[in-house]
Amino acid sequence: MSRVFRFGARQVVTLAFAALLLTAAGTSAQVPIRIAKDQKPLPIDAAQRAKVIDATLKQLDDNYVFPDVAKKMRQAIEARVERKEYDAIETGQELAEKLTAHLQEVSKDKHLRVMCSTEKLPAPPPKGEKPTPNEQMRQNARKMNGGYRRVERLAGNVGYLEVEGFMHPDVAAEPAAAAMNFLANTDALIIDLRHNGGGGPQSVALLCSYLFDEKPVHLNSLYWRKGDRTEEFWTLKEVAGKRYVGKDVYLLTSGRTFSAAEEFAYDLQSLKRVTIVGETTGGGAHPGGMVPLGEHFLAFIPSGRAINPVTKTNWEGTGVKPDVAVSADKALETAHQLAVKKLLDKAHNDEARRVIQMDLDRAKKRDEKGDK
């Protein structure tokens, strides 16, 4: 992920459309790259091992969000080098896996990761060069509908929205507006993030904006080590679709819910705007960027941390805990039941309750017949 586009390391693995952004140290310029799956292992020798290890430690010293933790990671890795723990490693992939495990062991940071590509990686752009828009990445994101996978009206007039990734608002804004317009007349909403591995904070703010009125709400802040600066994220005064206010919202999570998807859950839970149903999330709250470690290696170095304006902390290492804890595969059913029960309890009169019950009965009959 970059300072603009928060793609966590876990998302690179789990989402087919995710591309890595290789960032020149100290710049915002980026080169989009992909590490092909099922590559043959990259043979490496002692000199190459040492070069990758040294480059990794230097990037941590220069950029990791907590300098004191970077120092501890350096000490731990150097001790392993001294004990010759890496001497038997013969492939780049194994070295990347070992370094990732050892660095996470010290930092407990699930974003921090070293990766290897048998194919040569593209060179990072020169320092100071402006980023070049990558139309292929935009096209891929459009094909994924900006991460907005499914929208539906469930029985009892409960809305359902599945979001698989928080892609840049340039791509996500139109699908978000269309989805929220479709859902506007439902009486409660379920947002499904069980398969969402992350994305960008701007897109998190975009969807959050639909759940509040026009008055901006402070959602989250990101502190960046470089420049010792803090960036704030607020809901938007204007959105293209219809807002969803004054109605209950339920959020589905799993252990795979990660990074920016966790921010969405954490922000709204802190503001008491949602009821989270499902599993505790993955626990990654440190944004950062991809940095080169040579021709075949790169690392995701977290260079910032989230600071929630309500809790003054974040979900790093702990994840976002659900309000109603159930297994991920039971989360939708449970949230739907909770929503319908509350709608029935809040119904103004017998006629309103009768309409809800009729809708539920029709849906049950369709399910029994196997109709879609």
# chains A, B, ... in the order shown; residues from 1 in each chain; ligands from 1
$ select_by_dssp --residues "range 188-369 of chain A" --states "strand (DSSP E)" --output "PyMOL selection string"
chain A and resi 188-192+218-224+229-234+248-253+275-278+288-292+297-302+304-307+324-325
$ select_by_dssp --residues "range 12-207 of chain A" --states "helix (DSSP H, G or I)" --output "ChimeraX atom specification"
/A:12-14,46-63,67-82,92-107,135-143,145-147,169-183,201-207
$ write_last_selection --atoms "C-alpha atoms" --output "PDB file, in the first residue's frame"
ATOM      1  CA  VAL A  12      -1.892  -8.932  -2.462  1.00  0.00           C
ATOM      2  CA  VAL A  13      -2.128 -12.659  -1.863  1.00  0.00           C
ATOM      3  CA  THR A  14      -5.891 -13.069  -1.581  1.00  0.00           C
ATOM      4  CA  ALA A  46      25.421 -16.367   0.351  1.00  0.00           C
ATOM      5  CA  ALA A  47      26.185 -12.961  -1.163  1.00  0.00           C
ATOM      6  CA  GLN A  48      22.604 -12.536  -2.365  1.00  0.00           C
ATOM      7  CA  ARG A  49      21.218 -13.593   1.014  1.00  0.00           C
ATOM      8  CA  ALA A  50      23.367 -11.034   2.772  1.00  0.00           C
ATOM      9  CA  LYS A  51      22.385  -8.297   0.312  1.00  0.00           C
ATOM     10  CA  VAL A  52      18.647  -8.906   0.806  1.00  0.00           C
ATOM     11  CA  ILE A  53      18.968  -9.038   4.582  1.00  0.00           C
ATOM     12  CA  ASP A  54      20.991  -5.818   4.687  1.00  0.00           C
ATOM     13  CA  ALA A  55      18.530  -4.037   2.376  1.00  0.00           C
ATOM     14  CA  THR A  56      15.581  -5.168   4.503  1.00  0.00           C
ATOM     15  CA  LEU A  57      17.129  -3.927   7.714  1.00  0.00           C
ATOM     16  CA  LYS A  58      18.044  -0.573   6.152  1.00  0.00           C
ATOM     17  CA  GLN A  59      14.470  -0.047   4.943  1.00  0.00           C
ATOM     18  CA  LEU A  60      13.187  -0.847   8.438  1.00  0.00           C
ATOM     19  CA  ASP A  61      15.689   1.566  10.008  1.00  0.00           C
ATOM     20  CA  ASP A  62      14.669   4.334   7.609  1.00  0.00           C
ATOM     21  CA  ASN A  63      10.927   3.829   7.319  1.00  0.00           C
ATOM     22  CA  PRO A  67      12.049   3.230  15.200  1.00  0.00           C
ATOM     23  CA  ASP A  68      12.519   1.401  18.499  1.00  0.00           C
ATOM     24  CA  VAL A  69      10.822  -1.710  17.116  1.00  0.00           C
ATOM     25  CA  ALA A  70      12.921  -1.441  13.951  1.00  0.00           C
ATOM     26  CA  LYS A  71      16.013  -1.518  16.173  1.00  0.00           C
ATOM     27  CA  LYS A  72      14.751  -4.654  17.933  1.00  0.00           C
ATOM     28  CA  MET A  73      14.064  -6.339  14.590  1.00  0.00           C
ATOM     29  CA  ARG A  74      17.572  -5.506  13.399  1.00  0.00           C
ATOM     30  CA  GLN A  75      19.077  -6.977  16.567  1.00  0.00           C
ATOM     31  CA  ALA A  76      16.982 -10.148  16.235  1.00  0.00           C
ATOM     32  CA  ILE A  77      17.863 -10.706  12.575  1.00  0.00           C
ATOM     33  CA  GLU A  78      21.566  -9.968  13.121  1.00  0.00           C
ATOM     34  CA  ALA A  79      21.590 -12.488  15.963  1.00  0.00           C
ATOM     35  CA  ARG A  80      20.118 -15.107  13.632  1.00  0.00           C
ATOM     36  CA  VAL A  81      22.739 -14.235  11.007  1.00  0.00           C
ATOM     37  CA  GLU A  82      25.441 -14.658  13.642  1.00  0.00           C
ATOM     38  CA  GLY A  92      14.722 -16.544  -2.555  1.00  0.00           C
ATOM     39  CA  GLN A  93      11.206 -17.664  -1.730  1.00  0.00           C
ATOM     40  CA  GLU A  94      12.360 -19.493   1.389  1.00  0.00           C
ATOM     41  CA  LEU A  95      14.438 -16.512   2.492  1.00  0.00           C
ATOM     42  CA  ALA A  96      11.432 -14.192   2.065  1.00  0.00           C
ATOM     43  CA  GLU A  97       9.242 -16.531   4.106  1.00  0.00           C
ATOM     44  CA  LYS A  98      11.815 -16.848   6.887  1.00  0.00           C
ATOM     45  CA  LEU A  99      12.455 -13.105   7.094  1.00  0.00           C
ATOM     46  CA  THR A 100       8.723 -12.388   7.152  1.00  0.00           C
ATOM     47  CA  ALA A 101       8.162 -14.856   9.991  1.00  0.00           C
ATOM     48  CA  HIS A 102      11.132 -13.600  12.006  1.00  0.00           C
ATOM     49  CA  LEU A 103      10.262  -9.917  11.562  1.00  0.00           C
ATOM     50  CA  GLN A 104       6.620 -10.493  12.489  1.00  0.00           C
ATOM     51  CA  GLU A 105       7.739 -12.495  15.510  1.00  0.00           C
ATOM     52  CA  VAL A 106       9.366  -9.352  16.906  1.00  0.00           C
ATOM     53  CA  SER A 107       7.027  -6.651  15.603  1.00  0.00           C
ATOM     54  CA  GLU A 135      -4.796   2.416 -17.050  1.00  0.00           C
ATOM     55  CA  GLN A 136      -4.593  -1.363 -16.839  1.00  0.00           C
ATOM     56  CA  MET A 137      -4.950  -1.202 -13.055  1.00  0.00           C
ATOM     57  CA  ARG A 138      -7.956   1.097 -13.420  1.00  0.00           C
ATOM     58  CA  GLN A 139      -9.538  -1.232 -15.956  1.00  0.00           C
ATOM     59  CA  ASN A 140      -9.016  -4.196 -13.658  1.00  0.00           C
ATOM     60  CA  ALA A 141     -10.576  -2.273 -10.790  1.00  0.00           C
ATOM     61  CA  ARG A 142     -13.539  -1.310 -12.963  1.00  0.00           C
ATOM     62  CA  LYS A 143     -14.046  -4.961 -13.888  1.00  0.00           C
ATOM     63  CA  ASN A 145     -16.794  -2.904  -9.879  1.00  0.00           C
ATOM     64  CA  GLY A 146     -14.578  -0.997  -7.467  1.00  0.00           C
ATOM     65  CA  GLY A 147     -14.893  -3.834  -4.961  1.00  0.00           C
ATOM     66  CA  PRO A 169     -12.914   6.471  -5.115  1.00  0.00           C
ATOM     67  CA  ASP A 170     -12.219   7.314  -8.761  1.00  0.00           C
ATOM     68  CA  VAL A 171     -13.418   3.788  -9.514  1.00  0.00           C
ATOM     69  CA  ALA A 172     -15.601   3.035  -6.475  1.00  0.00           C
ATOM     70  CA  ALA A 173     -17.722   6.203  -6.374  1.00  0.00           C
ATOM     71  CA  GLU A 174     -20.142   5.206  -9.137  1.00  0.00           C
ATOM     72  CA  PRO A 175     -20.779   1.633  -7.899  1.00  0.00           C
ATOM     73  CA  ALA A 176     -21.172   2.960  -4.337  1.00  0.00           C
ATOM     74  CA  ALA A 177     -23.796   5.488  -5.437  1.00  0.00           C
ATOM     75  CA  ALA A 178     -25.667   2.872  -7.466  1.00  0.00           C
ATOM     76  CA  ALA A 179     -25.648   0.421  -4.562  1.00  0.00           C
ATOM     77  CA  MET A 180     -26.826   2.969  -2.009  1.00  0.00           C
ATOM     78  CA  ASN A 181     -29.591   4.191  -4.334  1.00  0.00           C
ATOM     79  CA  PHE A 182     -30.799   0.604  -4.688  1.00  0.00           C
ATOM     80  CA  LEU A 183     -30.748   0.135  -0.901  1.00  0.00           C
ATOM     81  CA  PRO A 201      -8.768   5.087   3.473  1.00  0.00           C
ATOM     82  CA  GLN A 202     -10.381   7.490   0.983  1.00  0.00           C
ATOM     83  CA  SER A 203     -12.720   4.729  -0.153  1.00  0.00           C
ATOM     84  CA  VAL A 204     -13.465   3.803   3.455  1.00  0.00           C
ATOM     85  CA  ALA A 205     -14.494   7.418   4.048  1.00  0.00           C
ATOM     86  CA  LEU A 206     -16.624   7.345   0.882  1.00  0.00           C
ATOM     87  CA  LEU A 207     -18.824   4.455   2.009  1.00  0.00           C
TER      88      LEU A 207
END
$ residues_around --residues "Arg150 in chain A" --least-positions-apart "6" --cutoff "8 Å" --atoms "only C-alpha atoms" --output "tab-separated table (two decimals) with C-alpha atoms, in the first residue's frame"
chain	number	residue	atom	x	y	z
A	160	TYR	CA	-27.48	-6.47	1.75
A	161	LEU	CA	-24.22	-5.09	0.35
A	162	GLU	CA	-21.06	-7.13	-0.17
A	163	VAL	CA	-17.82	-5.15	-0.54
$ atom_distance --atom1 "CA of Trp315 in chain A" --atom2 "CA of Thr334 in chain A"
24.0 Å
$ closest_atom_pairs --of "range 257-299 of chain A" --to "range 36-42 of chain A" --cutoff "12 Å" --atoms "only C-alpha atoms" --output "tab-separated table"
residue	atom	partner	partner_atom	distance
A:Glu295	CA	A:Leu42	CA	11.5
A:His296	CA	A:Leu42	CA	8.6
A:Phe297	CA	A:Leu42	CA	10.4
$ atom_distance --atom1 "CA of Ser303 in chain A" --atom2 "CA of Ser259 in chain A"
13.9 Å
$ closest_residue --among "A:Thr253, A:Thr235, A:Asn314, A:Thr118" --to "Lys215 in chain A" --atoms "only C-alpha atoms"
A:Thr235
$ closest_residue --among "A:Gly156, A:Lys242, A:Gly288, A:Met115" --to "Lys364 in chain A" --atoms "only C-alpha atoms"
A:Gly156
$ residues_around --residues "Gly304 in chain A" --least-positions-apart "6" --cutoff "8 Å" --atoms "only C-alpha atoms" --output "number ranges by chain"
A: 64-65, 222-225, 286-288
$ decode --residues "range 69-108 of chain A" --atoms "N, CA and C atoms" --output "PDB file, in the first residue's frame"
ATOM      1  N   VAL A  69      11.125  -0.335  17.537  1.00  0.00           N
ATOM      2  CA  VAL A  69      10.822  -1.710  17.116  1.00  0.00           C
ATOM      3  C   VAL A  69      11.715  -2.117  15.950  1.00  0.00           C
ATOM      4  N   ALA A  70      12.000  -1.169  15.053  1.00  0.00           N
ATOM      5  CA  ALA A  70      12.921  -1.441  13.951  1.00  0.00           C
ATOM      6  C   ALA A  70      14.292  -1.854  14.492  1.00  0.00           C
ATOM      7  N   LYS A  71      14.728  -1.192  15.552  1.00  0.00           N
ATOM      8  CA  LYS A  71      16.013  -1.518  16.173  1.00  0.00           C
ATOM      9  C   LYS A  71      15.991  -2.936  16.735  1.00  0.00           C
ATOM     10  N   LYS A  72      14.867  -3.305  17.370  1.00  0.00           N
ATOM     11  CA  LYS A  72      14.751  -4.654  17.933  1.00  0.00           C
ATOM     12  C   LYS A  72      14.740  -5.710  16.828  1.00  0.00           C
ATOM     13  N   MET A  73      14.079  -5.389  15.710  1.00  0.00           N
ATOM     14  CA  MET A  73      14.064  -6.339  14.590  1.00  0.00           C
ATOM     15  C   MET A  73      15.462  -6.515  14.023  1.00  0.00           C
ATOM     16  N   ARG A  74      16.196  -5.411  13.893  1.00  0.00           N
ATOM     17  CA  ARG A  74      17.572  -5.506  13.399  1.00  0.00           C
ATOM     18  C   ARG A  74      18.403  -6.397  14.321  1.00  0.00           C
ATOM     19  N   GLN A  75      18.298  -6.188  15.608  1.00  0.00           N
ATOM     20  CA  GLN A  75      19.077  -6.977  16.567  1.00  0.00           C
ATOM     21  C   GLN A  75      18.721  -8.463  16.476  1.00  0.00           C
ATOM     22  N   ALA A  76      17.417  -8.754  16.303  1.00  0.00           N
ATOM     23  CA  ALA A  76      16.982 -10.148  16.235  1.00  0.00           C
ATOM     24  C   ALA A  76      17.485 -10.828  14.968  1.00  0.00           C
ATOM     25  N   ILE A  77      17.409 -10.119  13.835  1.00  0.00           N
ATOM     26  CA  ILE A  77      17.863 -10.706  12.575  1.00  0.00           C
ATOM     27  C   ILE A  77      19.378 -10.864  12.573  1.00  0.00           C
ATOM     28  N   GLU A  78      20.106  -9.866  13.074  1.00  0.00           N
ATOM     29  CA  GLU A  78      21.566  -9.968  13.121  1.00  0.00           C
ATOM     30  C   GLU A  78      22.014 -11.112  14.015  1.00  0.00           C
ATOM     31  N   ALA A  79      21.253 -11.363  15.088  1.00  0.00           N
ATOM     32  CA  ALA A  79      21.590 -12.488  15.963  1.00  0.00           C
ATOM     33  C   ALA A  79      21.397 -13.810  15.234  1.00  0.00           C
ATOM     34  N   ARG A  80      20.355 -13.891  14.414  1.00  0.00           N
ATOM     35  CA  ARG A  80      20.118 -15.107  13.632  1.00  0.00           C
ATOM     36  C   ARG A  80      21.207 -15.284  12.568  1.00  0.00           C
ATOM     37  N   VAL A  81      21.646 -14.166  11.978  1.00  0.00           N
ATOM     38  CA  VAL A  81      22.739 -14.235  11.007  1.00  0.00           C
ATOM     39  C   VAL A  81      23.999 -14.758  11.683  1.00  0.00           C
ATOM     40  N   GLU A  82      24.256 -14.252  12.883  1.00  0.00           N
ATOM     41  CA  GLU A  82      25.441 -14.658  13.642  1.00  0.00           C
ATOM     42  C   GLU A  82      25.398 -16.152  13.959  1.00  0.00           C
ATOM     43  N   ARG A  83      24.180 -16.652  14.195  1.00  0.00           N
ATOM     44  CA  ARG A  83      24.030 -18.083  14.485  1.00  0.00           C
ATOM     45  C   ARG A  83      23.951 -18.926  13.201  1.00  0.00           C
ATOM     46  N   LYS A  84      24.106 -18.261  12.057  1.00  0.00           N
ATOM     47  CA  LYS A  84      24.116 -18.910  10.745  1.00  0.00           C
ATOM     48  C   LYS A  84      22.784 -19.601  10.413  1.00  0.00           C
ATOM     49  N   GLU A  85      21.691 -19.043  10.908  1.00  0.00           N
ATOM     50  CA  GLU A  85      20.379 -19.654  10.678  1.00  0.00           C
ATOM     51  C   GLU A  85      19.927 -19.555   9.228  1.00  0.00           C
ATOM     52  N   TYR A  86      20.491 -18.600   8.477  1.00  0.00           N
ATOM     53  CA  TYR A  86      20.064 -18.434   7.087  1.00  0.00           C
ATOM     54  C   TYR A  86      21.017 -19.112   6.089  1.00  0.00           C
ATOM     55  N   ASP A  87      22.086 -19.700   6.592  1.00  0.00           N
ATOM     56  CA  ASP A  87      23.134 -20.223   5.706  1.00  0.00           C
ATOM     57  C   ASP A  87      22.663 -21.377   4.818  1.00  0.00           C
ATOM     58  N   ALA A  88      21.696 -22.138   5.280  1.00  0.00           N
ATOM     59  CA  ALA A  88      21.240 -23.304   4.515  1.00  0.00           C
ATOM     60  C   ALA A  88      20.145 -22.964   3.503  1.00  0.00           C
ATOM     61  N   ILE A  89      19.701 -21.713   3.498  1.00  0.00           N
ATOM     62  CA  ILE A  89      18.625 -21.304   2.582  1.00  0.00           C
ATOM     63  C   ILE A  89      19.170 -21.176   1.169  1.00  0.00           C
ATOM     64  N   GLU A  90      18.517 -21.829   0.217  1.00  0.00           N
ATOM     65  CA  GLU A  90      19.015 -21.867  -1.155  1.00  0.00           C
ATOM     66  C   GLU A  90      18.095 -21.187  -2.163  1.00  0.00           C
ATOM     67  N   THR A  91      16.891 -20.768  -1.745  1.00  0.00           N
ATOM     68  CA  THR A  91      15.973 -20.096  -2.674  1.00  0.00           C
ATOM     69  C   THR A  91      15.505 -18.770  -2.090  1.00  0.00           C
ATOM     70  N   GLY A  92      15.197 -17.845  -2.988  1.00  0.00           N
ATOM     71  CA  GLY A  92      14.722 -16.544  -2.555  1.00  0.00           C
ATOM     72  C   GLY A  92      13.375 -16.628  -1.861  1.00  0.00           C
ATOM     73  N   GLN A  93      12.532 -17.527  -2.327  1.00  0.00           N
ATOM     74  CA  GLN A  93      11.206 -17.664  -1.730  1.00  0.00           C
ATOM     75  C   GLN A  93      11.301 -18.105  -0.271  1.00  0.00           C
ATOM     76  N   GLU A  94      12.196 -19.036   0.005  1.00  0.00           N
ATOM     77  CA  GLU A  94      12.360 -19.493   1.389  1.00  0.00           C
ATOM     78  C   GLU A  94      12.927 -18.377   2.264  1.00  0.00           C
ATOM     79  N   LEU A  95      13.873 -17.620   1.727  1.00  0.00           N
ATOM     80  CA  LEU A  95      14.438 -16.512   2.492  1.00  0.00           C
ATOM     81  C   LEU A  95      13.357 -15.485   2.811  1.00  0.00           C
ATOM     82  N   ALA A  96      12.508 -15.161   1.839  1.00  0.00           N
ATOM     83  CA  ALA A  96      11.432 -14.192   2.065  1.00  0.00           C
ATOM     84  C   ALA A  96      10.474 -14.685   3.147  1.00  0.00           C
ATOM     85  N   GLU A  97      10.149 -15.967   3.102  1.00  0.00           N
ATOM     86  CA  GLU A  97       9.242 -16.531   4.106  1.00  0.00           C
ATOM     87  C   GLU A  97       9.858 -16.488   5.496  1.00  0.00           C
ATOM     88  N   LYS A  98      11.134 -16.847   5.587  1.00  0.00           N
ATOM     89  CA  LYS A  98      11.815 -16.848   6.887  1.00  0.00           C
ATOM     90  C   LYS A  98      11.918 -15.434   7.458  1.00  0.00           C
ATOM     91  N   LEU A  99      12.336 -14.480   6.612  1.00  0.00           N
ATOM     92  CA  LEU A  99      12.455 -13.105   7.094  1.00  0.00           C
ATOM     93  C   LEU A  99      11.102 -12.562   7.546  1.00  0.00           C
ATOM     94  N   THR A 100      10.063 -12.837   6.773  1.00  0.00           N
ATOM     95  CA  THR A 100       8.723 -12.388   7.152  1.00  0.00           C
ATOM     96  C   THR A 100       8.347 -12.936   8.522  1.00  0.00           C
ATOM     97  N   ALA A 101       8.515 -14.234   8.717  1.00  0.00           N
ATOM     98  CA  ALA A 101       8.162 -14.856   9.991  1.00  0.00           C
ATOM     99  C   ALA A 101       8.974 -14.280  11.144  1.00  0.00           C
ATOM    100  N   HIS A 102      10.269 -14.087  10.930  1.00  0.00           N
ATOM    101  CA  HIS A 102      11.132 -13.600  12.006  1.00  0.00           C
ATOM    102  C   HIS A 102      10.856 -12.136  12.334  1.00  0.00           C
ATOM    103  N   LEU A 103      10.574 -11.326  11.316  1.00  0.00           N
ATOM    104  CA  LEU A 103      10.262  -9.917  11.562  1.00  0.00           C
ATOM    105  C   LEU A 103       8.912  -9.769  12.261  1.00  0.00           C
ATOM    106  N   GLN A 104       7.937 -10.558  11.852  1.00  0.00           N
ATOM    107  CA  GLN A 104       6.620 -10.493  12.489  1.00  0.00           C
ATOM    108  C   GLN A 104       6.672 -11.033  13.918  1.00  0.00           C
ATOM    109  N   GLU A 105       7.583 -11.953  14.161  1.00  0.00           N
ATOM    110  CA  GLU A 105       7.739 -12.495  15.510  1.00  0.00           C
ATOM    111  C   GLU A 105       8.117 -11.391  16.501  1.00  0.00           C
ATOM    112  N   VAL A 106       8.934 -10.460  16.047  1.00  0.00           N
ATOM    113  CA  VAL A 106       9.366  -9.352  16.906  1.00  0.00           C
ATOM    114  C   VAL A 106       8.331  -8.227  16.911  1.00  0.00           C
ATOM    115  N   SER A 107       7.882  -7.840  15.727  1.00  0.00           N
ATOM    116  CA  SER A 107       7.027  -6.651  15.603  1.00  0.00           C
ATOM    117  C   SER A 107       5.556  -6.931  15.873  1.00  0.00           C
ATOM    118  N   LYS A 108       5.125  -8.187  15.687  1.00  0.00           N
ATOM    119  CA  LYS A 108       3.694  -8.553  15.758  1.00  0.00           C
ATOM    120  C   LYS A 108       2.888  -7.790  14.711  1.00  0.00           C
TER     121      LYS A 108
END
